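Here's structure_1.csv, which has CSV, C-alpha atoms:
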```csv
chain,number,residue,atom,x,y,z
A,1,MET,CA,12.7,13.9,8.3
A,2,THR,CA,12.2,17.4,7.1
A,3,LEU,CA,10.6,18.0,3.7
A,4,SER,CA,11.1,21.1,1.7
A,5,THR,CA,8.4,23.9,2.0
A,6,SER,CA,7.2,22.8,-1.5
A,7,PRO,CA,7.8,19.0,-1.5
A,8,VAL,CA,7.6,17.0,-4.7
A,9,TRP,CA,5.2,14.1,-4.6
A,10,LEU,CA,5.1,11.2,-7.1
A,11,ILE,CA,1.7,9.4,-6.9
A,12,THR,CA,0.6,6.4,-8.8
A,13,GLY,CA,-2.9,5.3,-9.7
A,14,CYS,CA,-4.4,8.8,-9.8
A,15,SER,CA,-7.3,8.2,-12.2
A,16,THR,CA,-9.7,7.3,-9.3
A,17,GLY,CA,-10.0,6.8,-5.5
A,18,PHE,CA,-7.2,7.5,-3.1
A,19,GLY,CA,-4.7,8.6,-5.7
A,20,ARG,CA,-6.9,11.1,-7.3
A,21,GLU,CA,-8.1,12.7,-4.1
A,22,LEU,CA,-4.6,12.8,-2.7
A,23,ALA,CA,-3.2,14.5,-5.8
A,24,LYS,CA,-5.9,17.1,-5.5
A,25,LEU,CA,-5.1,17.8,-1.9
A,26,VAL,CA,-1.3,18.0,-2.5
A,27,LEU,CA,-1.8,20.5,-5.4
A,28,ASP,CA,-4.3,22.5,-3.3
A,29,ARG,CA,-1.6,23.1,-0.8
A,30,GLY,CA,0.6,24.7,-3.4
A,31,TRP,CA,3.0,21.7,-3.5
A,32,ARG,CA,4.4,20.0,-6.5
A,33,ALA,CA,3.2,16.7,-7.9
A,34,VAL,CA,3.9,14.1,-10.6
A,35,VAL,CA,0.5,12.7,-11.1
A,36,THR,CA,0.4,9.3,-12.9
A,37,ALA,CA,-2.1,6.8,-14.3
A,38,ARG,CA,-2.1,4.2,-17.1
A,39,SER,CA,-4.0,6.7,-19.3
A,40,VAL,CA,-2.8,10.2,-19.1
A,41,ASP,CA,-6.2,11.4,-20.4
A,42,SER,CA,-7.8,10.4,-17.1
A,43,ILE,CA,-5.6,12.8,-15.1
A,44,VAL,CA,-4.9,15.9,-17.2
A,45,ASP,CA,-7.8,17.7,-15.5
A,46,LEU,CA,-5.9,17.4,-12.2
A,47,THR,CA,-2.9,19.4,-13.5
A,48,ALA,CA,-4.8,21.9,-15.7
A,49,ASP,CA,-4.8,24.7,-13.1
A,50,ALA,CA,-1.3,24.0,-11.8
A,51,ARG,CA,0.9,23.5,-14.8
A,52,ASP,CA,3.8,25.2,-13.1
A,53,ARG,CA,3.7,22.7,-10.2
A,54,ALA,CA,2.1,19.6,-11.7
A,55,LEU,CA,3.1,17.1,-14.3
A,56,ALA,CA,0.8,14.4,-15.7
A,57,VAL,CA,2.6,11.3,-16.8
A,58,ALA,CA,1.4,8.0,-18.3
A,59,LEU,CA,2.6,5.2,-16.0
A,60,ASP,CA,1.8,1.5,-16.0
A,61,VAL,CA,3.8,0.2,-13.1
A,62,THR,CA,4.3,-3.2,-14.8
A,63,ASN,CA,6.2,-1.4,-17.6
A,64,GLN,CA,9.8,-0.8,-16.7
A,65,ALA,CA,10.4,1.7,-19.5
A,66,GLN,CA,7.4,3.8,-18.3
A,67,ILE,CA,8.8,3.6,-14.7
A,68,ASP,CA,12.1,4.9,-15.9
A,69,ALA,CA,10.5,7.7,-18.0
A,70,ALA,CA,8.3,8.8,-15.1
A,71,VAL,CA,11.1,9.1,-12.6
A,72,ALA,CA,13.3,10.9,-15.2
A,73,ALA,CA,10.5,13.3,-15.9
A,74,ALA,CA,10.0,14.0,-12.2
A,75,THR,CA,13.7,14.8,-11.7
A,76,ASP,CA,14.1,16.8,-14.9
A,77,ARG,CA,11.1,19.0,-14.0
A,78,PHE,CA,11.5,19.3,-10.2
A,79,GLY,CA,15.0,18.2,-9.4
A,80,GLY,CA,14.0,15.4,-7.0
A,81,ILE,CA,11.2,13.4,-5.3
A,82,ASP,CA,10.3,13.9,-1.6
A,83,VAL,CA,7.3,11.6,-1.3
A,84,LEU,CA,6.6,8.5,-3.3
A,85,VAL,CA,3.0,7.1,-2.9
A,86,ASN,CA,2.7,3.6,-4.3
A,87,ASN,CA,-1.1,3.6,-4.7
A,88,ALA,CA,-1.6,1.7,-8.0
A,89,GLY,CA,-3.2,-1.7,-7.5
A,90,TYR,CA,-6.5,-3.5,-7.6
A,91,GLY,CA,-8.4,-6.3,-6.0
A,92,TYR,CA,-8.9,-9.9,-7.0
A,93,GLN,CA,-11.3,-12.2,-5.3
A,94,SER,CA,-11.8,-15.9,-5.4
A,95,SER,CA,-11.7,-18.9,-3.1
A,96,VAL,CA,-8.1,-20.1,-2.8
A,97,GLU,CA,-8.9,-23.4,-4.5
A,98,GLU,CA,-10.6,-21.7,-7.4
A,99,GLY,CA,-8.0,-19.0,-8.0
A,100,GLU,CA,-6.9,-18.7,-11.6
A,101,ASP,CA,-3.2,-18.6,-12.2
A,102,ALA,CA,-3.3,-15.9,-14.8
A,103,GLU,CA,-5.3,-13.6,-12.6
A,104,ILE,CA,-3.1,-14.3,-9.6
A,105,ARG,CA,0.1,-13.5,-11.5
A,106,ALA,CA,-1.4,-10.4,-13.1
A,107,GLN,CA,-2.3,-9.0,-9.7
A,108,PHE,CA,1.1,-9.6,-8.3
A,109,GLU,CA,2.7,-7.9,-11.3
A,110,THR,CA,0.8,-4.7,-10.4
A,111,ASN,CA,0.4,-4.9,-6.6
A,112,VAL,CA,3.8,-6.3,-5.8
A,113,PHE,CA,6.4,-6.4,-8.5
A,114,GLY,CA,5.4,-3.0,-10.0
A,115,LEU,CA,5.6,-1.4,-6.6
A,116,PHE,CA,9.0,-2.9,-6.0
A,117,ALA,CA,10.3,-1.7,-9.4
A,118,LEU,CA,9.1,1.8,-9.0
A,119,THR,CA,10.6,2.1,-5.5
A,120,ARG,CA,13.9,0.8,-6.7
A,121,ALA,CA,13.9,3.5,-9.4
A,122,VAL,CA,13.2,6.2,-6.8
A,123,LEU,CA,15.6,5.1,-4.1
A,124,PRO,CA,18.8,6.4,-5.6
A,125,ILE,CA,17.2,9.9,-5.8
A,126,MET,CA,16.1,9.8,-2.1
A,127,ARG,CA,19.4,8.3,-1.1
A,128,GLY,CA,21.3,11.1,-2.8
A,129,GLN,CA,19.0,13.7,-1.1
A,130,GLN,CA,19.4,12.0,2.3
A,131,ARG,CA,15.6,12.4,2.8
A,132,GLY,CA,12.3,11.0,1.5
A,133,HIS,CA,9.1,9.3,2.5
A,134,ILE,CA,7.9,6.1,0.8
A,135,ILE,CA,4.2,5.5,1.4
A,136,ASN,CA,2.8,2.1,0.3
A,137,ILE,CA,-1.0,1.8,0.1
A,138,THR,CA,-1.6,-1.7,1.3
A,139,SER,CA,-4.9,-2.7,3.0
A,140,VAL,CA,-6.3,-4.1,6.2
A,141,ALA,CA,-5.9,-7.3,4.1
A,142,GLY,CA,-2.2,-6.8,4.4
A,143,LEU,CA,-2.6,-7.6,8.1
A,144,ILE,CA,-5.6,-9.9,8.0
A,145,GLY,CA,-6.7,-12.6,5.5
A,146,PHE,CA,-10.4,-12.7,4.8
A,147,PRO,CA,-12.3,-15.4,3.0
A,148,GLY,CA,-12.4,-14.8,-0.8
A,149,SER,CA,-9.4,-12.5,-0.6
A,150,GLY,CA,-6.5,-14.9,-0.2
A,151,TYR,CA,-4.5,-13.8,-3.2
A,152,TYR,CA,-5.2,-10.1,-2.7
A,153,ALA,CA,-4.2,-10.5,1.0
A,154,ALA,CA,-1.0,-12.3,-0.2
A,155,SER,CA,-0.1,-9.4,-2.4
A,156,LYS,CA,-0.5,-6.9,0.4
A,157,HIS,CA,1.2,-9.1,3.0
A,158,ALA,CA,4.2,-9.3,0.6
A,159,VAL,CA,4.4,-5.5,0.5
A,160,GLU,CA,4.1,-5.3,4.3
A,161,GLY,CA,7.0,-7.7,5.0
A,162,TRP,CA,9.1,-6.0,2.3
A,163,SER,CA,8.4,-2.6,3.8
A,164,ASP,CA,9.8,-3.8,7.2
A,165,SER,CA,13.1,-4.7,5.5
A,166,LEU,CA,13.1,-1.5,3.4
A,167,LEU,CA,12.7,0.6,6.5
A,168,ALA,CA,15.6,-1.1,8.3
A,169,GLU,CA,17.8,-0.4,5.3
A,170,VAL,CA,16.9,3.2,4.5
A,171,GLU,CA,16.0,4.8,7.8
A,172,PRO,CA,19.7,5.5,8.6
A,173,LEU,CA,19.8,7.4,5.3
A,174,GLY,CA,17.0,9.8,6.3
A,175,ILE,CA,14.2,7.9,4.4
A,176,ARG,CA,11.0,6.9,6.0
A,177,VAL,CA,8.6,4.1,5.1
A,178,THR,CA,4.9,3.9,5.9
A,179,CYS,CA,2.2,1.4,4.9
A,180,VAL,CA,-1.3,2.8,4.9
A,181,GLU,CA,-3.8,0.1,5.6
A,182,PRO,CA,-7.4,1.3,4.7
A,183,GLY,CA,-10.5,-0.6,5.6
A,184,PRO,CA,-13.6,-0.2,3.4
A,185,PHE,CA,-13.5,3.2,1.7
A,186,ARG,CA,-15.8,4.7,-0.9
A,187,THR,CA,-13.5,4.2,-3.9
A,188,HIS,CA,-13.7,2.1,-7.1
A,189,TRP,CA,-11.9,-0.8,-5.5
A,190,ALA,CA,-15.1,-2.8,-5.1
A,191,GLY,CA,-16.6,-1.5,-8.3
A,192,ARG,CA,-15.1,-1.3,-11.8
A,193,SER,CA,-11.5,-2.2,-10.8
A,194,LEU,CA,-12.3,-5.4,-8.9
A,195,ARG,CA,-11.8,-8.8,-10.6
A,196,GLN,CA,-13.4,-12.0,-9.4
A,197,THR,CA,-13.4,-15.7,-10.2
A,198,ALA,CA,-17.0,-16.9,-9.5
A,199,ASN,CA,-17.5,-19.4,-6.7
A,200,LYS,CA,-18.7,-22.7,-8.1
A,201,VAL,CA,-17.6,-25.1,-5.4
A,202,ALA,CA,-20.6,-25.4,-3.1
A,203,GLU,CA,-18.5,-26.1,0.0
A,204,TYR,CA,-17.1,-22.5,-0.2
A,205,ALA,CA,-20.5,-20.8,-0.7
A,206,ALA,CA,-20.8,-19.7,2.9
A,207,THR,CA,-17.3,-18.3,3.1
A,208,ALA,CA,-15.6,-17.1,-0.1
A,209,GLY,CA,-18.8,-17.2,-2.1
A,210,GLN,CA,-20.7,-15.0,0.3
A,211,ARG,CA,-17.9,-12.5,0.4
A,212,LEU,CA,-17.8,-12.3,-3.4
A,213,GLU,CA,-21.5,-11.6,-3.5
A,214,SER,CA,-21.4,-9.0,-0.8
A,215,THR,CA,-18.4,-7.0,-2.0
A,216,SER,CA,-19.9,-5.6,-5.1
A,217,ALA,CA,-23.3,-4.9,-3.4
A,218,TYR,CA,-21.4,-2.9,-0.8
A,219,SER,CA,-19.7,-0.6,-3.3
A,220,GLY,CA,-20.7,3.0,-2.9
A,221,THR,CA,-21.8,2.7,0.7
A,222,GLN,CA,-18.5,2.1,2.5
A,223,PRO,CA,-18.0,4.3,5.6
A,224,GLY,CA,-14.5,5.5,4.6
A,225,ASP,CA,-14.0,8.9,3.0
A,226,PRO,CA,-11.1,9.0,0.5
A,227,VAL,CA,-10.6,12.8,1.0
A,228,ARG,CA,-10.2,12.4,4.7
A,229,ALA,CA,-7.8,9.5,4.1
A,230,GLY,CA,-5.8,11.8,1.9
A,231,GLU,CA,-5.6,14.4,4.6
A,232,ALA,CA,-4.4,11.8,7.1
A,233,ILE,CA,-1.7,10.7,4.7
A,234,ILE,CA,-0.5,14.2,4.2
A,235,ALA,CA,-0.4,14.8,7.9
A,236,ILE,CA,2.0,12.0,8.6
A,237,THR,CA,4.5,13.4,6.0
A,238,GLN,CA,4.7,16.5,8.2
A,239,GLU,CA,5.8,14.4,11.3
A,240,PRO,CA,9.5,14.1,12.2
A,241,HIS,CA,8.9,10.5,13.0
A,242,PRO,CA,6.1,9.1,10.8
A,243,PRO,CA,4.5,5.8,11.7
A,244,ARG,CA,5.4,2.5,10.0
A,245,HIS,CA,1.7,1.6,10.0
A,246,LEU,CA,-1.3,3.8,9.4
A,247,VAL,CA,-4.6,2.0,9.6
A,248,LEU,CA,-7.5,4.1,8.3
A,249,GLY,CA,-11.2,3.8,9.2
A,250,ALA,CA,-13.0,2.7,12.3
A,251,TRP,CA,-13.8,-0.8,10.8
A,252,GLY,CA,-10.2,-1.4,9.9
A,253,HIS,CA,-8.8,-0.1,13.2
A,254,GLU,CA,-11.2,-2.3,15.2
A,255,HIS,CA,-10.4,-5.5,13.1
A,256,VAL,CA,-6.6,-4.9,13.0
A,257,THR,CA,-6.2,-4.3,16.7
A,258,ALA,CA,-8.4,-7.3,17.6
A,259,LYS,CA,-6.4,-9.5,15.2
A,260,LEU,CA,-3.0,-8.4,16.5
A,261,ARG,CA,-4.1,-9.0,20.1
A,262,GLU,CA,-5.4,-12.4,19.2
A,263,ARG,CA,-2.1,-13.2,17.4
A,264,LEU,CA,0.1,-12.0,20.2
A,265,ASP,CA,-2.0,-14.0,22.8
A,266,GLU,CA,-1.6,-17.2,20.7
A,267,VAL,CA,2.2,-16.7,20.2
A,268,GLU,CA,2.7,-16.0,23.9
A,269,SER,CA,0.6,-19.0,24.9
A,270,ARG,CA,3.1,-21.3,23.1
A,271,ARG,CA,6.2,-19.8,24.6
A,272,ASP,CA,7.3,-23.1,26.3
A,273,ILE,CA,7.0,-25.0,23.0
A,274,ALA,CA,8.9,-22.2,21.2
A,275,LEU,CA,11.8,-22.4,23.6
A,276,SER,CA,11.9,-26.2,23.6
A,277,ALA,CA,12.9,-26.2,19.9
A,278,ASP,CA,16.4,-24.8,20.7
A,279,TYR,CA,19.4,-26.9,21.5
A,280,PRO,CA,19.6,-27.4,25.2
A,281,GLN,CA,21.9,-24.9,26.9
A,282,GLU,CA,25.1,-26.5,28.2
A,283,VAL,CA,25.7,-26.1,31.9
A,284,VAL,CA,29.3,-24.9,32.4
A,285,THR,CA,30.8,-25.9,35.7
A,286,LYS,CA,34.0,-24.5,37.1
A,287,ALA,CA,36.7,-26.9,38.3
```
So that I can check it, write out the structure of this file as structure tokens.
Amino acid sequence: MTLSTSPVWLITGCSTGFGRELAKLVLDRGWRAVVTARSVDSIVDLTADARDRALAVALDVTNQAQIDAAVAAATDRFGGIDVLVNNAGYGYQSSVEEGEDAEIRAQFETNVFGLFALTRAVLPIMRGQQRGHIINITSVAGLIGFPGSGYYAASKHAVEGWSDSLLAEVEPLGIRVTCVEPGPFRTHWAGRSLRQTANKVAEYAATAGQRLESTSAYSGTQPGDPVRAGEAIIAITQEPHPPRHLVLGAWGHEHVTAKLRERLDEVESRRDIALSADYPQEVVTKA
């Protein structure tokens, strides 16, 4: 895929973290960007010095009317969208048994269904252009389930599987799809945006309970740098064949590669059982 010399980016969740740093980097390069957040007041500073190339738009990805308005504003102002970054989302932690239905559903509305809806709204534009790059910010938890993060992992696993199907459908149209899977980064994920259901079942204290306690304490000391992550994301948009997966951070890379090797070894070790589940092949003899 070849982007224009001044590509148009639409980035969600720009009030903090990855979205904010990525928006800064895109605009610093002289490119164009539609910068979004639920509260436009939290992002107007990002566009103040680049009003000819930047547009701040209020966007709650669970609100279809706001999705339609944001996409329309992008096309009206810039004529198209080259890169969509689905970054809006948040974490929810609990043991699986203690998960609260309202919290689980609210997380899926943002992390999954909102992402789906915005992508559907952008796809006709990219399809008409015969080019585009959809970048979904998932997580290491989209490839590995950790104690205390079952529902968060489920939301990110959903996006990963959906992205496989999406790529198979749109790659022939010149549209690329990448999931970015960060490990622990110094954003607000583990701070003000994290929701938790306290662990009260004693049997989970050493697994989910311990993780809930350690997550908030870890906030602000994570090894990952959001600015360097933003630079890595920008770099893949310049590649003719960008990757389907981009794991970020040493911790994440180590855990993902180890998990995938373990999973492959397990699947391969059961090959005979797998093949035994088919109907027996008929032996055809010639008269």
Exercise. Counting all atoms listed in the file, what is within 8 Å of Thr16 in chain A, bar same-chain residues fewer than 3 positions away, as number ranges by chain?
Worked result: A: 13, 19-21, 187-188
Could you take the residues named above and write them with C-alpha atoms, as an mmCIF file, in the frame of the given file?
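And here is the file that came out, result.cif:
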```cif
data_model
loop_
_atom_site.group_PDB
_atom_site.id
_atom_site.type_symbol
_atom_site.label_atom_id
_atom_site.label_comp_id
_atom_site.auth_asym_id
_atom_site.auth_seq_id
_atom_site.Cartn_x
_atom_site.Cartn_y
_atom_site.Cartn_z
ATOM 1 C CA GLY A 13 -2.900 5.300 -9.700
ATOM 2 C CA GLY A 19 -4.700 8.600 -5.700
ATOM 3 C CA ARG A 20 -6.900 11.100 -7.300
ATOM 4 C CA GLU A 21 -8.100 12.700 -4.100
ATOM 5 C CA THR A 187 -13.500 4.200 -3.900
ATOM 6 C CA HIS A 188 -13.700 2.100 -7.100
#
```
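Minimum distance to Phe78 in chain A across A:Ser6, A:Ser39, A:Arg127, A:Thr62 (counting all atoms listed in the file) occurs at A:Ser6.
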For this session: Mind giving me the straight-line distance from CA of Arg244 in chain A to CA of Gly89 in chain A in Å, one decimal?
Result: 19.9 Å
Excluding same-chain residues fewer than 2 positions from Lys24 in chain A, what lies within 12 Å of it counting all atoms listed in the file, as a PDB file with C-alpha atoms, in the coordinates of the input?
```
ATOM      1  CA  TRP A   9       5.200  14.100  -4.600  1.00  0.00           C
ATOM      2  CA  ILE A  11       1.700   9.400  -6.900  1.00  0.00           C
ATOM      3  CA  CYS A  14      -4.400   8.800  -9.800  1.00  0.00           C
ATOM      4  CA  SER A  15      -7.300   8.200 -12.200  1.00  0.00           C
ATOM      5  CA  THR A  16      -9.700   7.300  -9.300  1.00  0.00           C
ATOM      6  CA  GLY A  17     -10.000   6.800  -5.500  1.00  0.00           C
ATOM      7  CA  PHE A  18      -7.200   7.500  -3.100  1.00  0.00           C
ATOM      8  CA  GLY A  19      -4.700   8.600  -5.700  1.00  0.00           C
ATOM      9  CA  ARG A  20      -6.900  11.100  -7.300  1.00  0.00           C
ATOM     10  CA  GLU A  21      -8.100  12.700  -4.100  1.00  0.00           C
ATOM     11  CA  LEU A  22      -4.600  12.800  -2.700  1.00  0.00           C
ATOM     12  CA  VAL A  26      -1.300  18.000  -2.500  1.00  0.00           C
ATOM     13  CA  LEU A  27      -1.800  20.500  -5.400  1.00  0.00           C
ATOM     14  CA  ASP A  28      -4.300  22.500  -3.300  1.00  0.00           C
ATOM     15  CA  ARG A  29      -1.600  23.100  -0.800  1.00  0.00           C
ATOM     16  CA  GLY A  30       0.600  24.700  -3.400  1.00  0.00           C
ATOM     17  CA  TRP A  31       3.000  21.700  -3.500  1.00  0.00           C
ATOM     18  CA  ARG A  32       4.400  20.000  -6.500  1.00  0.00           C
ATOM     19  CA  ALA A  33       3.200  16.700  -7.900  1.00  0.00           C
ATOM     20  CA  VAL A  34       3.900  14.100 -10.600  1.00  0.00           C
ATOM     21  CA  VAL A  35       0.500  12.700 -11.100  1.00  0.00           C
ATOM     22  CA  ILE A  43      -5.600  12.800 -15.100  1.00  0.00           C
ATOM     23  CA  VAL A  44      -4.900  15.900 -17.200  1.00  0.00           C
ATOM     24  CA  ASP A  45      -7.800  17.700 -15.500  1.00  0.00           C
ATOM     25  CA  LEU A  46      -5.900  17.400 -12.200  1.00  0.00           C
ATOM     26  CA  THR A  47      -2.900  19.400 -13.500  1.00  0.00           C
ATOM     27  CA  ALA A  48      -4.800  21.900 -15.700  1.00  0.00           C
ATOM     28  CA  ASP A  49      -4.800  24.700 -13.100  1.00  0.00           C
ATOM     29  CA  ALA A  50      -1.300  24.000 -11.800  1.00  0.00           C
ATOM     30  CA  ALA A  54       2.100  19.600 -11.700  1.00  0.00           C
ATOM     31  CA  PRO A 226     -11.100   9.000   0.500  1.00  0.00           C
ATOM     32  CA  VAL A 227     -10.600  12.800   1.000  1.00  0.00           C
ATOM     33  CA  GLY A 230      -5.800  11.800   1.900  1.00  0.00           C
ATOM     34  CA  GLU A 231      -5.600  14.400   4.600  1.00  0.00           C
ATOM     35  CA  ILE A 234      -0.500  14.200   4.200  1.00  0.00           C
TER      36      ILE A 234
END
```
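Closest to Ile233 in chain A among A:Arg53, A:His133, A:Arg195, A:Lys259 is A:His133, based on all atoms listed in the file.
Across A:Gly80, A:Pro147, A:Pro240, A:Pro182, the tightest approach to Ala205 in chain A is made by A:Pro147 when counting only C-alpha atoms.
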For this session: Work out how far CA of Ala229 in chain A is from CA of Val247 in chain A, in Å to one decimal.
Result: 9.8 Å
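Applying the 12 Å criterion to (-15.4, -25.4, -0.1) in file coordinates and using only C-alpha atoms, one obtains the residues A:Ser94, A:Ser95, A:Val96, A:Glu97, A:Glu98, A:Pro147, A:Gly148, A:Asn199, A:Lys200, A:Val201, A:Ala202, A:Glu203, A:Tyr204, A:Ala205, A:Ala206, A:Thr207, A:Ala208, A:Gly209, A:Gln210.
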For this session: Work out how far CA of Ile135 in chain A is from CA of Ala69 in chain A, in Å to one decimal.
Result: 20.5 Å
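Shortest separation to Glu109 in chain A among A:Thr197, A:Val57, A:Ala70, A:Tyr152 occurs at residue A:Tyr152, atoms counted being all atoms listed in the file.
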Exercise. What lies within 10 Å of Leu173 in chain A using all atoms listed in the file, ignoring chain neighbours under 6 positions off, as JSON, numbers by chain?
Worked result: {"A": [126, 127, 128, 129, 130, 131, 132, 167]}
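Among the candidates A:Ile175, A:Val71, A:Leu275, A:Ala153, the residue lying nearest to Gly91 in chain A is A:Ala153 (atoms considered: all atoms listed in the file).
Distances from A:Pro223, A:Gly249, A:Gly150, A:Pro243 to Gln107 in chain A were compared using only C-alpha atoms, and the smallest one belongs to A:Gly150.
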Please, could all heavy atoms be added to range 125-133 of chain A and the result written as a compact mmCIF listing (two decimals), in the coordinates of the input?
```
# COMPACT_ATOMS: atom_id res chain seq x y z
N ILE A 125 17.48 8.46 -5.89
CA ILE A 125 17.20 9.90 -5.80
C ILE A 125 17.10 10.26 -4.29
O ILE A 125 17.73 11.22 -3.82
CB ILE A 125 15.94 10.27 -6.53
CG1 ILE A 125 16.12 9.98 -8.01
CG2 ILE A 125 15.57 11.72 -6.29
CD1 ILE A 125 14.83 9.97 -8.79
N MET A 126 16.28 9.53 -3.54
CA MET A 126 16.10 9.80 -2.10
C MET A 126 17.40 9.60 -1.35
O MET A 126 17.71 10.35 -0.41
CB MET A 126 14.98 8.96 -1.55
CG MET A 126 13.60 9.33 -2.08
SD MET A 126 12.29 8.40 -1.25
CE MET A 126 10.83 9.24 -1.90
N ARG A 127 18.14 8.58 -1.74
CA ARG A 127 19.40 8.30 -1.10
C ARG A 127 20.38 9.47 -1.28
O ARG A 127 21.10 9.89 -0.35
CB ARG A 127 19.99 7.00 -1.59
CG ARG A 127 21.29 6.57 -0.98
CD ARG A 127 21.59 5.10 -1.26
NE ARG A 127 21.36 4.73 -2.63
CZ ARG A 127 22.21 4.94 -3.64
NH1 ARG A 127 23.35 5.58 -3.40
NH2 ARG A 127 21.93 4.54 -4.87
N GLY A 128 20.41 10.01 -2.49
CA GLY A 128 21.30 11.10 -2.80
C GLY A 128 20.84 12.40 -2.03
O GLY A 128 21.68 13.21 -1.61
N GLN A 129 19.53 12.56 -1.83
CA GLN A 129 19.00 13.70 -1.10
C GLN A 129 19.20 13.57 0.42
O GLN A 129 19.12 14.55 1.16
CB GLN A 129 17.50 13.85 -1.34
CG GLN A 129 17.11 14.10 -2.77
CD GLN A 129 15.60 13.96 -3.00
OE1 GLN A 129 15.10 14.37 -4.02
NE2 GLN A 129 14.87 13.37 -2.05
N GLN A 130 19.36 12.29 0.86
CA GLN A 130 19.40 12.00 2.30
C GLN A 130 18.04 12.31 2.96
O GLN A 130 17.99 12.67 4.13
CB GLN A 130 20.53 12.66 3.01
CG GLN A 130 21.90 12.14 2.61
CD GLN A 130 22.18 10.74 3.15
OE1 GLN A 130 22.32 10.53 4.35
NE2 GLN A 130 22.26 9.76 2.26
N ARG A 131 16.97 12.15 2.20
CA ARG A 131 15.60 12.40 2.80
C ARG A 131 14.61 11.78 1.78
O ARG A 131 14.89 11.59 0.59
CB ARG A 131 15.34 13.85 2.98
CG ARG A 131 15.15 14.64 1.71
CD ARG A 131 14.71 16.08 1.97
NE ARG A 131 14.32 16.73 0.73
CZ ARG A 131 15.15 17.34 -0.10
NH1 ARG A 131 16.45 17.38 0.18
NH2 ARG A 131 14.71 17.91 -1.21
N GLY A 132 13.42 11.51 2.31
CA GLY A 132 12.30 11.00 1.50
C GLY A 132 11.34 10.24 2.34
O GLY A 132 11.64 9.86 3.49
N HIS A 133 10.18 10.02 1.79
CA HIS A 133 9.10 9.30 2.50
C HIS A 133 8.46 8.37 1.45
O HIS A 133 7.90 8.88 0.47
CB HIS A 133 8.12 10.21 3.13
CG HIS A 133 7.26 9.56 4.16
ND1 HIS A 133 6.50 10.27 5.07
CD2 HIS A 133 7.00 8.24 4.43
CE1 HIS A 133 5.84 9.43 5.86
NE2 HIS A 133 6.12 8.19 5.48
```
